[in-house]
Every structure is written in C-alpha cells, then in structure tokens.
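Beneath this line is the structure, given in structure tokens, with notes to follow.
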2 protein chains.
Amino acid sequence: MRYLLTISYDGSDFYGFQRQNDLVTIQGEIEKALYTILQEDITICASGRTDAGVHALGQVAHFDTTKEIDNLDKFKYSLNSLLPKSIDILNVEPKSDDFHARYSAKKKTYIYKIYLSKTNEPLKRKYFHICSYELDISKMKEAIKAIIGEHDFSAFCVENLQIKSNVREIYKAYIEEKDNGKEIDIVLEGNGFLHNMVRSIAGTLVDVGRGRFEVEDMKKILDSKNHQKAGKTLDGCGLYLCSVNYNV
Amino acid sequence: MRYLLTISYDGSDFYGFQRQNDLVTIQGEIEKALYTILQEDITICASGRTDAGVHALGQVAHFDTTKEIDNLDKFKYSLNSLLPKSIDILNVEPKSDDFHARYSAKKKTYIYKIYLSKTNEPLKRKYFHICSYELDISKMKEAIKAIIGEHDFSAFCVENLQIKSNVREIYKAYIEEKDNGKEIDIVLEGNGFLHNMVRSIAGTLVDVGRGRFEVEDMKKILDSKNHQKAGKTLDGCGLYLCSVNYNV
C-alpha cells in the first residue's frame, strides 16, 4: 500500500530533511514515528530534500507499507502526536503504485523571504534572510522576468553535474512586498529546481537590488551557465517549499 | 557609571529572562558577555522579568560598572558579537544614578499574538498562541474596553499576593487584526503589569470570542478580583514586551 503525506515543518529545528545518523532530521523523525505506529521499517521518499534551515509549508512524501491504514484521520492524529511540534502532517492519502512523490511532481512552488533591517532581528532571523542594504525593488521585479520560461539554469546551481540536464521551466517568477515594504517575497513556480537554485537566484536578485548588478545582468548570468557569475547563494532560513503539484 | 540597554530577543531559545544556574537565560547570556568585555561581574536589572518563551522587541535593563565606556557603538557591536543571535542589543545609553530600569518605568506596551488555525502551524507555534476555535472578534473588541483605566487587576494575576497593590492603570487596550483576519494582536499599554496579567487577559478574551463568556463578563471578572473567575492563562510564546517608556 502506498500513501502520500503532506508535511509542514520549521526547518530551523532540524539538520535538513534527509535522514542522518545521530542528527535530528525531518525524514528521521517521520520514519521513527511511522515505525512506532506501523511496526515495520518505513522509508519515506520526498518530492525533494530540503537543506538545513529550509522550511516547508507543503512538502510531499510517499511511503509503502504492508499494512492497510483504515482510518486516515486517526493515523494522521497519531503520527502528529508522536512527532516533534515543529513537524506537522497536514494530509495522509492513499495512492496507487505508479504515484511517486518525486518523479510524478509536475510543479513546485518556492518562496524566498527577505527582511530589510539594519538590526539583527532575533525574532526573524530563522525565517528570513536579513538584508541590511537598501534594495531597489523595481529593478529586482524587472530582473526576475529573465528567468521565466525554459532555460538551462547551470548558472544558479552550486553542483554543476554535467551528466544531468540543468534545464528547467519556470512558470511564474515574481516579487511580493509585505509589511510596508520591509518584507520581500521572491515567489518561484516551476517544473523542477536544481540544488540551491532558488537561493542562488535570490542572492543574484539582491545584488541587482543593491546595485552590484544591472537589471540586464540577470539574463547575461543565466546565459553564461557559469555559477561563478551569479550572486551569493543566500542562507537556507529564508527558503520555503510551499507546495508540490501533481496535476497541472 | 550606569548604562541602559535596549534589548530584543527570541524567547523560544531561553529559559526565561532571569539568570538560573545551568540554564540558558537572557540575563545569564548578557551578563556573561558583559563580563567578557568589562572584566568585572555585572548584574543587569531589567524593567521586569519575562517568563520562558516570552519575546521582547524592546526590553530595557540597566547595569552599573566601574569602567567608562567611551565608544558606545563599538561596545554595542562587541556585545552583539558575543551574544547568541537570538538576543540583540539595540541601544546602549549612559544614564544618571537615579535612573532605574524597573522603578523609573512610566509605561509598558505588550502585545499578545493569536493565530487562528485548525492545524499545528509548526512555523508559527513559537510566536503565537495557536487557536483552533472560531472567534467573534467584534465581541472581543467590545470586551477589552472594560480593562481600560485604573483597576485592581487581581482577577488577572496568578500570584495574588495581598501585600502588594494589584492596582494598575491601563492607558490603551485594543485588538488589531492582521493577515486577512487570521492573526489577532491584543495590544495593551499601561503603567505596569502584574505577573501573567496579559496572558490571563488574553485567555479571558479568547473565552469571550468563542462564546464561553459574554462581553459583560469581562467587567464582572475584573470586579470579582478573583483569578478563579478568569479564563485560561495563555502560553508565553504569544507574548511580546514591545517597549518600556520612561517619559510620558
């Protein structure tokens, strides 16, 4: 039997998604709770790993079990009561064998959150990239348009493995201002994302905003396929995996 | 020499403000950092302690030292570089001997933040009281008016010590809705607050909002001076000490 889990988590409490010996990870905690309930070793497969500090509002994972879960609500409740409070199972759903959390995914949405402040912002630092520079948001809004569409995103990927294709399609890319312009949300929707791609794009956009790059440089950097040309890859704490869609 | 510190902190990382052996507290961390810089034992005196989990945007404390601090900016920078990132010193200011962070305070502002959600909200649970009930905000806005003015707040105080006066004056008390009505901020300004007073008022207002109490009960509970009549004292994580004013 295959089941899908929709998961929200506060990444600041974990050493990333992926199970690691002796480190508290999201996968590790969920598999431990599943073992307690189902009394068999379970491996969950997520739509993608998230790095240390990265948050999720709607991560998706699947797992297989020999047991049939007859009451999904009760199962979800039991799972949440066993899990640390910084992980929340939002939904449990039976799926057919051909569903795969990673390979069946059609669309993913990420948000990268930046907070403009001259101080250290102790209450926000785990949930935003704190930026002390003045940013020209209108330039950032212009620059982000360059990444919409199908492109080779090698320039925004830290591990540039030649064996895999670095081509991805970005359906939507835009910037939202919140909290009287102090919060800047970079929203990206696409068919897939390379490792650190959102954080690298966000860092490059910040460089446009603070004047280190021109608006036109965004396209030049993308076309270069050279990660050395991109801006700094921003910290994981500002990144949120918002949703994974399986039907487009 | 007496100095004032304005401090912001994420209370979820500490066992409250007050120094405790073997536990990480805000006072303990600041005094440790001050010792490192000034090379003498320093005791800081805050405008008031905050409990475990309670946050501050503008806590104020003073301390005395035999050393003169000639460069306040550099001192602040050194202090912040020694402190954990969840504590931020916003301001350092020299003060005369008759200034006292607690006794000279004329006004304090607290906010209690509630987030309405049916799920566990892992990303908000350290920063809000998560409320799964539907709340009638208009009734809460009506009920909160009862506490404005000078009253004996014994009904909203957990430790009802007869020796001290439980009379305080509330200058302003109102409710702000944010995030499309999902966030409810209860804002209180007064000349002082009893232990757990804001959390007890917030809990009683939630009981009005969910219909356990009527709007008129707020005044009746206040007049009873009996804490048993009040609603549940809500958790510390929703509470923020916003500012302390020394001139009104």
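As shown in the structure tokens, the chain order sets the letters A, B, ...; within each chain, residues go from 1, and ligands are also counted from 1 in the order they appear.
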
Identify, on the basis of only C-alpha atoms, every residue whose closest approach to range 49-65 of chain B does not exceed 7 Å; exclude the query and any residue fewer than 3 positions from it along the same chain; express the result as a PyMOL selection string. chain B and resi 1-12+14-18+42-46+100-101+236-237+239-244

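Proximity to chain B at a cut-off of 8 Å picks out Ser8, Tyr9, Asp10, His55, Lys85, Ser86, Ile87, Asp88, Leu90, Thr119, Asn120, Glu121, Pro122 and Leu123 of chain A on chain A, counting only C-alpha atoms.
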
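For Gly181 in chain A, the set of protein, DNA and RNA residues having any atom at most 10 Å away, when counting only C-alpha atoms and skipping those fewer than 4 positions along the same chain, is Tyr115, Leu116, Ile137, Glu176 and Glu177 of chain A.
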
Transformed chain A, reference chain B, full Cα set in order, as a PDB file with C-alpha atoms, in the first residue's frame:
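What ended up in selection-v1.pdb:
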ATOM      1  CA  MET A   1      28.706  54.532  35.726  1.00  0.00           C
ATOM      2  CA  ARG A   2      25.164  53.445  34.875  1.00  0.00           C
ATOM      3  CA  TYR A   3      24.146  52.317  31.395  1.00  0.00           C
ATOM      4  CA  LEU A   4      20.828  51.423  29.819  1.00  0.00           C
ATOM      5  CA  LEU A   5      20.431  48.553  27.339  1.00  0.00           C
ATOM      6  CA  THR A   6      17.500  48.181  24.950  1.00  0.00           C
ATOM      7  CA  ILE A   7      17.180  44.511  24.095  1.00  0.00           C
ATOM      8  CA  SER A   8      15.252  42.387  21.614  1.00  0.00           C
ATOM      9  CA  TYR A   9      15.117  38.604  21.967  1.00  0.00           C
ATOM     10  CA  ASP A  10      13.502  35.443  20.706  1.00  0.00           C
ATOM     11  CA  GLY A  11      12.245  33.958  23.966  1.00  0.00           C
ATOM     12  CA  SER A  12      11.839  30.487  22.489  1.00  0.00           C
ATOM     13  CA  ASP A  13      15.590  29.913  22.775  1.00  0.00           C
ATOM     14  CA  PHE A  14      15.779  30.602  26.540  1.00  0.00           C
ATOM     15  CA  TYR A  15      14.512  29.509  29.926  1.00  0.00           C
ATOM     16  CA  GLY A  16      13.121  32.969  30.549  1.00  0.00           C
ATOM     17  CA  PHE A  17      14.882  36.225  31.360  1.00  0.00           C
ATOM     18  CA  GLN A  18      16.142  35.630  34.883  1.00  0.00           C
ATOM     19  CA  ARG A  19      19.593  34.143  35.502  1.00  0.00           C
ATOM     20  CA  GLN A  20      19.424  30.472  36.571  1.00  0.00           C
ATOM     21  CA  ASN A  21      22.270  28.083  37.265  1.00  0.00           C
ATOM     22  CA  ASP A  22      22.936  25.689  34.373  1.00  0.00           C
ATOM     23  CA  LEU A  23      20.075  27.048  32.261  1.00  0.00           C
ATOM     24  CA  VAL A  24      20.448  29.346  29.284  1.00  0.00           C
ATOM     25  CA  THR A  25      18.643  32.584  30.123  1.00  0.00           C
ATOM     26  CA  ILE A  26      18.678  36.053  28.597  1.00  0.00           C
ATOM     27  CA  GLN A  27      20.072  37.708  31.737  1.00  0.00           C
ATOM     28  CA  GLY A  28      22.710  34.977  32.063  1.00  0.00           C
ATOM     29  CA  GLU A  29      23.898  35.393  28.476  1.00  0.00           C
ATOM     30  CA  ILE A  30      24.060  39.194  28.658  1.00  0.00           C
ATOM     31  CA  GLU A  31      25.914  39.193  31.991  1.00  0.00           C
ATOM     32  CA  LYS A  32      28.405  36.648  30.607  1.00  0.00           C
ATOM     33  CA  ALA A  33      29.072  38.869  27.569  1.00  0.00           C
ATOM     34  CA  LEU A  34      29.382  41.984  29.777  1.00  0.00           C
ATOM     35  CA  TYR A  35      31.891  40.172  31.981  1.00  0.00           C
ATOM     36  CA  THR A  36      33.979  39.277  28.924  1.00  0.00           C
ATOM     37  CA  ILE A  37      34.107  42.885  27.764  1.00  0.00           C
ATOM     38  CA  LEU A  38      34.291  44.769  31.060  1.00  0.00           C
ATOM     39  CA  GLN A  39      36.255  42.171  33.036  1.00  0.00           C
ATOM     40  CA  GLU A  40      34.104  42.624  36.126  1.00  0.00           C
ATOM     41  CA  ASP A  41      30.994  40.962  37.477  1.00  0.00           C
ATOM     42  CA  ILE A  42      27.926  42.803  36.230  1.00  0.00           C
ATOM     43  CA  THR A  43      24.325  42.354  37.323  1.00  0.00           C
ATOM     44  CA  ILE A  44      21.727  43.713  34.941  1.00  0.00           C
ATOM     45  CA  CYS A  45      18.387  44.930  36.226  1.00  0.00           C
ATOM     46  CA  ALA A  46      15.510  44.692  33.736  1.00  0.00           C
ATOM     47  CA  SER A  47      12.247  46.632  33.605  1.00  0.00           C
ATOM     48  CA  GLY A  48      10.696  43.300  34.522  1.00  0.00           C
ATOM     49  CA  ARG A  49      11.391  39.631  34.020  1.00  0.00           C
ATOM     50  CA  THR A  50       9.833  37.759  31.147  1.00  0.00           C
ATOM     51  CA  ASP A  51       8.860  34.099  31.492  1.00  0.00           C
ATOM     52  CA  ALA A  52      10.141  31.209  29.374  1.00  0.00           C
ATOM     53  CA  GLY A  53       9.072  31.570  25.756  1.00  0.00           C
ATOM     54  CA  VAL A  54       8.107  35.252  26.058  1.00  0.00           C
ATOM     55  CA  HIS A  55       9.676  37.526  23.430  1.00  0.00           C
ATOM     56  CA  ALA A  56      10.867  41.125  23.552  1.00  0.00           C
ATOM     57  CA  LEU A  57      11.098  43.788  20.895  1.00  0.00           C
ATOM     58  CA  GLY A  58      12.260  46.466  23.320  1.00  0.00           C
ATOM     59  CA  GLN A  59      13.080  45.186  26.805  1.00  0.00           C
ATOM     60  CA  VAL A  60      15.101  47.673  28.860  1.00  0.00           C
ATOM     61  CA  ALA A  61      17.722  46.914  31.511  1.00  0.00           C
ATOM     62  CA  HIS A  62      20.395  48.917  33.329  1.00  0.00           C
ATOM     63  CA  PHE A  63      23.720  47.965  34.840  1.00  0.00           C
ATOM     64  CA  ASP A  64      26.485  49.661  36.803  1.00  0.00           C
ATOM     65  CA  THR A  65      30.165  49.376  36.027  1.00  0.00           C
ATOM     66  CA  THR A  66      33.341  50.948  37.386  1.00  0.00           C
ATOM     67  CA  LYS A  67      34.596  51.243  33.789  1.00  0.00           C
ATOM     68  CA  GLU A  68      33.745  54.110  31.502  1.00  0.00           C
ATOM     69  CA  ILE A  69      32.585  53.051  28.030  1.00  0.00           C
ATOM     70  CA  ASP A  70      33.943  55.675  25.653  1.00  0.00           C
ATOM     71  CA  ASN A  71      32.661  54.256  22.353  1.00  0.00           C
ATOM     72  CA  LEU A  72      29.054  53.137  22.770  1.00  0.00           C
ATOM     73  CA  ASP A  73      28.678  51.933  19.171  1.00  0.00           C
ATOM     74  CA  LYS A  74      31.768  49.772  19.404  1.00  0.00           C
ATOM     75  CA  PHE A  75      30.620  48.468  22.798  1.00  0.00           C
ATOM     76  CA  LYS A  76      27.215  47.517  21.362  1.00  0.00           C
ATOM     77  CA  TYR A  77      28.888  45.814  18.414  1.00  0.00           C
ATOM     78  CA  SER A  78      31.214  43.805  20.698  1.00  0.00           C
ATOM     79  CA  LEU A  79      28.324  42.832  22.929  1.00  0.00           C
ATOM     80  CA  ASN A  80      26.229  41.591  19.987  1.00  0.00           C
ATOM     81  CA  SER A  81      29.135  39.631  18.559  1.00  0.00           C
ATOM     82  CA  LEU A  82      29.503  37.790  21.886  1.00  0.00           C
ATOM     83  CA  LEU A  83      25.774  37.183  22.380  1.00  0.00           C
ATOM     84  CA  PRO A  84      23.726  34.365  20.820  1.00  0.00           C
ATOM     85  CA  LYS A  85      21.952  35.536  17.655  1.00  0.00           C
ATOM     86  CA  SER A  86      18.578  35.268  19.381  1.00  0.00           C
ATOM     87  CA  ILE A  87      19.498  38.268  21.579  1.00  0.00           C
ATOM     88  CA  ASP A  88      20.116  41.664  20.010  1.00  0.00           C
ATOM     89  CA  ILE A  89      21.259  44.773  21.869  1.00  0.00           C
ATOM     90  CA  LEU A  90      19.517  47.622  20.035  1.00  0.00           C
ATOM     91  CA  ASN A  91      20.823  50.540  22.069  1.00  0.00           C
ATOM     92  CA  VAL A  92      23.336  51.409  24.797  1.00  0.00           C
ATOM     93  CA  GLU A  93      22.987  54.721  26.611  1.00  0.00           C
ATOM     94  CA  PRO A  94      24.668  56.318  29.638  1.00  0.00           C
ATOM     95  CA  LYS A  95      22.256  57.150  32.444  1.00  0.00           C
ATOM     96  CA  SER A  96      22.447  59.009  35.721  1.00  0.00           C
ATOM     97  CA  ASP A  97      22.400  57.135  39.043  1.00  0.00           C
ATOM     98  CA  ASP A  98      18.763  57.937  39.703  1.00  0.00           C
ATOM     99  CA  PHE A  99      17.598  56.078  36.597  1.00  0.00           C
ATOM    100  CA  HIS A 100      16.237  52.612  37.325  1.00  0.00           C
ATOM    101  CA  ALA A 101      15.037  50.305  34.527  1.00  0.00           C
ATOM    102  CA  ARG A 102      12.259  48.989  36.718  1.00  0.00           C
ATOM    103  CA  TYR A 103      11.264  51.793  39.084  1.00  0.00           C
ATOM    104  CA  SER A 104      11.624  54.668  36.605  1.00  0.00           C
ATOM    105  CA  ALA A 105       9.383  52.996  34.000  1.00  0.00           C
ATOM    106  CA  LYS A 106       6.275  55.068  33.234  1.00  0.00           C
ATOM    107  CA  LYS A 107       4.667  52.953  30.539  1.00  0.00           C
ATOM    108  CA  LYS A 108       4.979  49.446  29.135  1.00  0.00           C
ATOM    109  CA  THR A 109       3.467  48.067  25.953  1.00  0.00           C
ATOM    110  CA  TYR A 110       2.745  44.390  25.459  1.00  0.00           C
ATOM    111  CA  ILE A 111       1.247  42.551  22.500  1.00  0.00           C
ATOM    112  CA  TYR A 112      -0.316  39.112  22.768  1.00  0.00           C
ATOM    113  CA  LYS A 113      -0.468  37.414  19.365  1.00  0.00           C
ATOM    114  CA  ILE A 114      -3.067  34.781  18.490  1.00  0.00           C
ATOM    115  CA  TYR A 115      -3.130  32.847  15.226  1.00  0.00           C
ATOM    116  CA  LEU A 116      -6.353  31.169  14.119  1.00  0.00           C
ATOM    117  CA  SER A 117      -5.724  27.764  12.582  1.00  0.00           C
ATOM    118  CA  LYS A 118      -7.037  24.211  12.648  1.00  0.00           C
ATOM    119  CA  THR A 119      -3.528  22.795  12.109  1.00  0.00           C
ATOM    120  CA  ASN A 120      -0.457  22.729  14.358  1.00  0.00           C
ATOM    121  CA  GLU A 121       1.334  25.564  12.491  1.00  0.00           C
ATOM    122  CA  PRO A 122       4.915  24.415  13.114  1.00  0.00           C
ATOM    123  CA  LEU A 123       6.284  27.683  11.725  1.00  0.00           C
ATOM    124  CA  LYS A 124       4.148  29.878  13.976  1.00  0.00           C
ATOM    125  CA  ARG A 125       3.782  27.903  17.185  1.00  0.00           C
ATOM    126  CA  LYS A 126       6.726  29.558  18.963  1.00  0.00           C
ATOM    127  CA  TYR A 127       5.491  33.052  18.110  1.00  0.00           C
ATOM    128  CA  PHE A 128       1.710  32.846  18.529  1.00  0.00           C
ATOM    129  CA  HIS A 129      -0.916  31.180  20.633  1.00  0.00           C
ATOM    130  CA  ILE A 130      -2.483  28.878  18.047  1.00  0.00           C
ATOM    131  CA  CYS A 131      -6.259  28.948  18.459  1.00  0.00           C
ATOM    132  CA  SER A 132      -8.393  26.370  16.676  1.00  0.00           C
ATOM    133  CA  TYR A 133     -11.725  27.900  17.707  1.00  0.00           C
ATOM    134  CA  GLU A 134     -13.722  30.356  15.642  1.00  0.00           C
ATOM    135  CA  LEU A 135     -13.585  33.690  17.460  1.00  0.00           C
ATOM    136  CA  ASP A 136     -16.086  36.533  17.371  1.00  0.00           C
ATOM    137  CA  ILE A 137     -13.577  39.379  17.151  1.00  0.00           C
ATOM    138  CA  SER A 138     -16.197  42.121  17.448  1.00  0.00           C
ATOM    139  CA  LYS A 139     -17.173  40.747  20.889  1.00  0.00           C
ATOM    140  CA  MET A 140     -13.509  40.635  21.936  1.00  0.00           C
ATOM    141  CA  LYS A 141     -13.057  44.254  20.785  1.00  0.00           C
ATOM    142  CA  GLU A 142     -16.038  45.243  22.911  1.00  0.00           C
ATOM    143  CA  ALA A 143     -14.953  43.224  25.957  1.00  0.00           C
ATOM    144  CA  ILE A 144     -11.391  44.559  26.073  1.00  0.00           C
ATOM    145  CA  LYS A 145     -12.696  48.093  26.764  1.00  0.00           C
ATOM    146  CA  ALA A 146     -13.584  47.014  30.330  1.00  0.00           C
ATOM    147  CA  ILE A 147      -9.936  46.902  31.364  1.00  0.00           C
ATOM    148  CA  ILE A 148      -9.036  50.443  30.274  1.00  0.00           C
ATOM    149  CA  GLY A 149      -8.393  52.765  33.221  1.00  0.00           C
ATOM    150  CA  GLU A 150      -7.214  52.244  36.790  1.00  0.00           C
ATOM    151  CA  HIS A 151      -8.339  48.933  38.297  1.00  0.00           C
ATOM    152  CA  ASP A 152      -7.368  46.289  40.786  1.00  0.00           C
ATOM    153  CA  PHE A 153      -6.254  43.533  38.394  1.00  0.00           C
ATOM    154  CA  SER A 154      -6.176  40.702  40.976  1.00  0.00           C
ATOM    155  CA  ALA A 155      -8.548  38.693  38.758  1.00  0.00           C
ATOM    156  CA  PHE A 156      -5.894  38.566  36.047  1.00  0.00           C
ATOM    157  CA  CYS A 157      -2.942  37.793  38.299  1.00  0.00           C
ATOM    158  CA  VAL A 158      -1.779  34.268  39.058  1.00  0.00           C
ATOM    159  CA  GLU A 159       0.063  35.080  42.284  1.00  0.00           C
ATOM    160  CA  ASN A 160      -2.415  37.088  44.290  1.00  0.00           C
ATOM    161  CA  LEU A 161      -0.054  38.443  46.939  1.00  0.00           C
ATOM    162  CA  GLN A 162      -2.062  40.515  49.388  1.00  0.00           C
ATOM    163  CA  ILE A 163       0.960  42.528  50.524  1.00  0.00           C
ATOM    164  CA  LYS A 164       1.407  44.343  47.205  1.00  0.00           C
ATOM    165  CA  SER A 165      -1.102  46.524  45.475  1.00  0.00           C
ATOM    166  CA  ASN A 166      -2.661  44.928  42.427  1.00  0.00           C
ATOM    167  CA  VAL A 167      -3.873  48.268  41.131  1.00  0.00           C
ATOM    168  CA  ARG A 168      -2.540  49.216  37.709  1.00  0.00           C
ATOM    169  CA  GLU A 169      -3.625  51.715  35.084  1.00  0.00           C
ATOM    170  CA  ILE A 170      -4.216  50.597  31.509  1.00  0.00           C
ATOM    171  CA  TYR A 171      -3.890  53.534  29.123  1.00  0.00           C
ATOM    172  CA  LYS A 172      -4.774  51.717  25.927  1.00  0.00           C
ATOM    173  CA  ALA A 173      -6.214  48.281  25.184  1.00  0.00           C
ATOM    174  CA  TYR A 174      -7.270  47.258  21.709  1.00  0.00           C
ATOM    175  CA  ILE A 175      -7.275  44.446  19.174  1.00  0.00           C
ATOM    176  CA  GLU A 176      -5.704  44.535  15.729  1.00  0.00           C
ATOM    177  CA  GLU A 177      -6.499  42.022  12.997  1.00  0.00           C
ATOM    178  CA  LYS A 178      -3.770  41.073  10.534  1.00  0.00           C
ATOM    179  CA  ASP A 179      -3.082  38.510   7.799  1.00  0.00           C
ATOM    180  CA  ASN A 180      -6.694  38.526   6.489  1.00  0.00           C
ATOM    181  CA  GLY A 181      -8.122  38.131   9.961  1.00  0.00           C
ATOM    182  CA  LYS A 182      -6.047  35.035  10.818  1.00  0.00           C
ATOM    183  CA  GLU A 183      -3.809  36.968  13.203  1.00  0.00           C
ATOM    184  CA  ILE A 184      -5.248  38.726  16.235  1.00  0.00           C
ATOM    185  CA  ASP A 185      -2.975  41.075  18.167  1.00  0.00           C
ATOM    186  CA  ILE A 186      -4.110  42.136  21.616  1.00  0.00           C
ATOM    187  CA  VAL A 187      -2.283  45.385  22.410  1.00  0.00           C
ATOM    188  CA  LEU A 188      -2.032  46.653  25.983  1.00  0.00           C
ATOM    189  CA  GLU A 189      -0.348  49.821  27.238  1.00  0.00           C
ATOM    190  CA  GLY A 190      -0.214  50.553  30.939  1.00  0.00           C
ATOM    191  CA  ASN A 191       1.818  51.910  33.830  1.00  0.00           C
ATOM    192  CA  GLY A 192       2.632  48.366  34.926  1.00  0.00           C
ATOM    193  CA  PHE A 193       1.522  44.764  34.665  1.00  0.00           C
ATOM    194  CA  LEU A 194       1.103  42.007  37.249  1.00  0.00           C
ATOM    195  CA  HIS A 195       2.654  38.579  36.723  1.00  0.00           C
ATOM    196  CA  ASN A 196       0.858  36.761  33.877  1.00  0.00           C
ATOM    197  CA  MET A 197      -1.649  39.619  33.613  1.00  0.00           C
ATOM    198  CA  VAL A 198      -1.506  39.983  29.814  1.00  0.00           C
ATOM    199  CA  ARG A 199      -1.700  36.215  29.278  1.00  0.00           C
ATOM    200  CA  SER A 200      -4.678  35.948  31.633  1.00  0.00           C
ATOM    201  CA  ILE A 201      -6.485  38.856  29.954  1.00  0.00           C
ATOM    202  CA  ALA A 202      -5.769  37.301  26.529  1.00  0.00           C
ATOM    203  CA  GLY A 203      -7.159  33.936  27.663  1.00  0.00           C
ATOM    204  CA  THR A 204     -10.285  35.569  29.046  1.00  0.00           C
ATOM    205  CA  LEU A 205     -10.787  37.499  25.787  1.00  0.00           C
ATOM    206  CA  VAL A 206     -10.466  34.237  23.821  1.00  0.00           C
ATOM    207  CA  ASP A 207     -13.201  32.810  26.042  1.00  0.00           C
ATOM    208  CA  VAL A 208     -15.387  35.815  25.136  1.00  0.00           C
ATOM    209  CA  GLY A 209     -14.568  35.303  21.459  1.00  0.00           C
ATOM    210  CA  ARG A 210     -15.513  31.636  21.481  1.00  0.00           C
ATOM    211  CA  GLY A 211     -18.697  32.246  23.468  1.00  0.00           C
ATOM    212  CA  ARG A 212     -17.741  30.739  26.820  1.00  0.00           C
ATOM    213  CA  PHE A 213     -18.115  34.212  28.350  1.00  0.00           C
ATOM    214  CA  GLU A 214     -20.344  37.129  27.427  1.00  0.00           C
ATOM    215  CA  VAL A 215     -18.935  40.594  26.660  1.00  0.00           C
ATOM    216  CA  GLU A 216     -20.244  41.858  30.041  1.00  0.00           C
ATOM    217  CA  ASP A 217     -18.403  39.083  31.885  1.00  0.00           C
ATOM    218  CA  MET A 218     -15.095  40.874  31.294  1.00  0.00           C
ATOM    219  CA  LYS A 219     -16.083  43.642  33.711  1.00  0.00           C
ATOM    220  CA  LYS A 220     -17.653  41.173  36.155  1.00  0.00           C
ATOM    221  CA  ILE A 221     -14.453  39.107  36.234  1.00  0.00           C
ATOM    222  CA  LEU A 222     -12.326  42.245  36.751  1.00  0.00           C
ATOM    223  CA  ASP A 223     -14.600  43.426  39.579  1.00  0.00           C
ATOM    224  CA  SER A 224     -14.560  39.994  41.249  1.00  0.00           C
ATOM    225  CA  LYS A 225     -10.775  40.330  41.875  1.00  0.00           C
ATOM    226  CA  ASN A 226     -10.868  36.532  41.834  1.00  0.00           C
ATOM    227  CA  HIS A 227      -8.453  34.787  39.482  1.00  0.00           C
ATOM    228  CA  GLN A 228     -10.627  31.640  39.521  1.00  0.00           C
ATOM    229  CA  LYS A 229     -13.240  33.545  37.530  1.00  0.00           C
ATOM    230  CA  ALA A 230     -10.851  34.437  34.679  1.00  0.00           C
ATOM    231  CA  GLY A 231     -10.232  32.382  31.552  1.00  0.00           C
ATOM    232  CA  LYS A 232      -7.193  30.202  31.016  1.00  0.00           C
ATOM    233  CA  THR A 233      -3.791  31.912  31.202  1.00  0.00           C
ATOM    234  CA  LEU A 234      -2.422  31.524  27.671  1.00  0.00           C
ATOM    235  CA  ASP A 235       1.071  30.250  26.838  1.00  0.00           C
ATOM    236  CA  GLY A 236       4.107  32.540  26.954  1.00  0.00           C
ATOM    237  CA  CYS A 237       5.031  32.115  23.275  1.00  0.00           C
ATOM    238  CA  GLY A 238       2.339  34.581  22.116  1.00  0.00           C
ATOM    239  CA  LEU A 239       3.557  37.369  24.398  1.00  0.00           C
ATOM    240  CA  TYR A 240       5.828  40.239  23.320  1.00  0.00           C
ATOM    241  CA  LEU A 241       7.215  43.006  25.510  1.00  0.00           C
ATOM    242  CA  CYS A 242       7.222  45.762  22.883  1.00  0.00           C
ATOM    243  CA  SER A 243       8.557  48.806  24.664  1.00  0.00           C
ATOM    244  CA  VAL A 244       9.211  50.446  28.000  1.00  0.00           C
ATOM    245  CA  ASN A 245       8.838  54.209  28.245  1.00  0.00           C
ATOM    246  CA  TYR A 246      10.463  56.414  30.860  1.00  0.00           C
ATOM    247  CA  ASN A 247       8.839  59.715  29.939  1.00  0.00           C
ATOM    248  CA  VAL A 248       5.113  60.075  29.471  1.00  0.00           C
TER     249      VAL A 248
END

What parts of range 58-243 of chain B does DSSP call strand (DSSP E)? I'd like the answer as a ChimeraX atom specification. /B:58-64,87-95,107-116,129-131,149-152,167-178,183-190,239-243

DSSP alpha helix (DSSP H) residues within range 25-183 of chain A, listed as a PyMOL selection string: chain A and resi 26-38+72-82+137-143
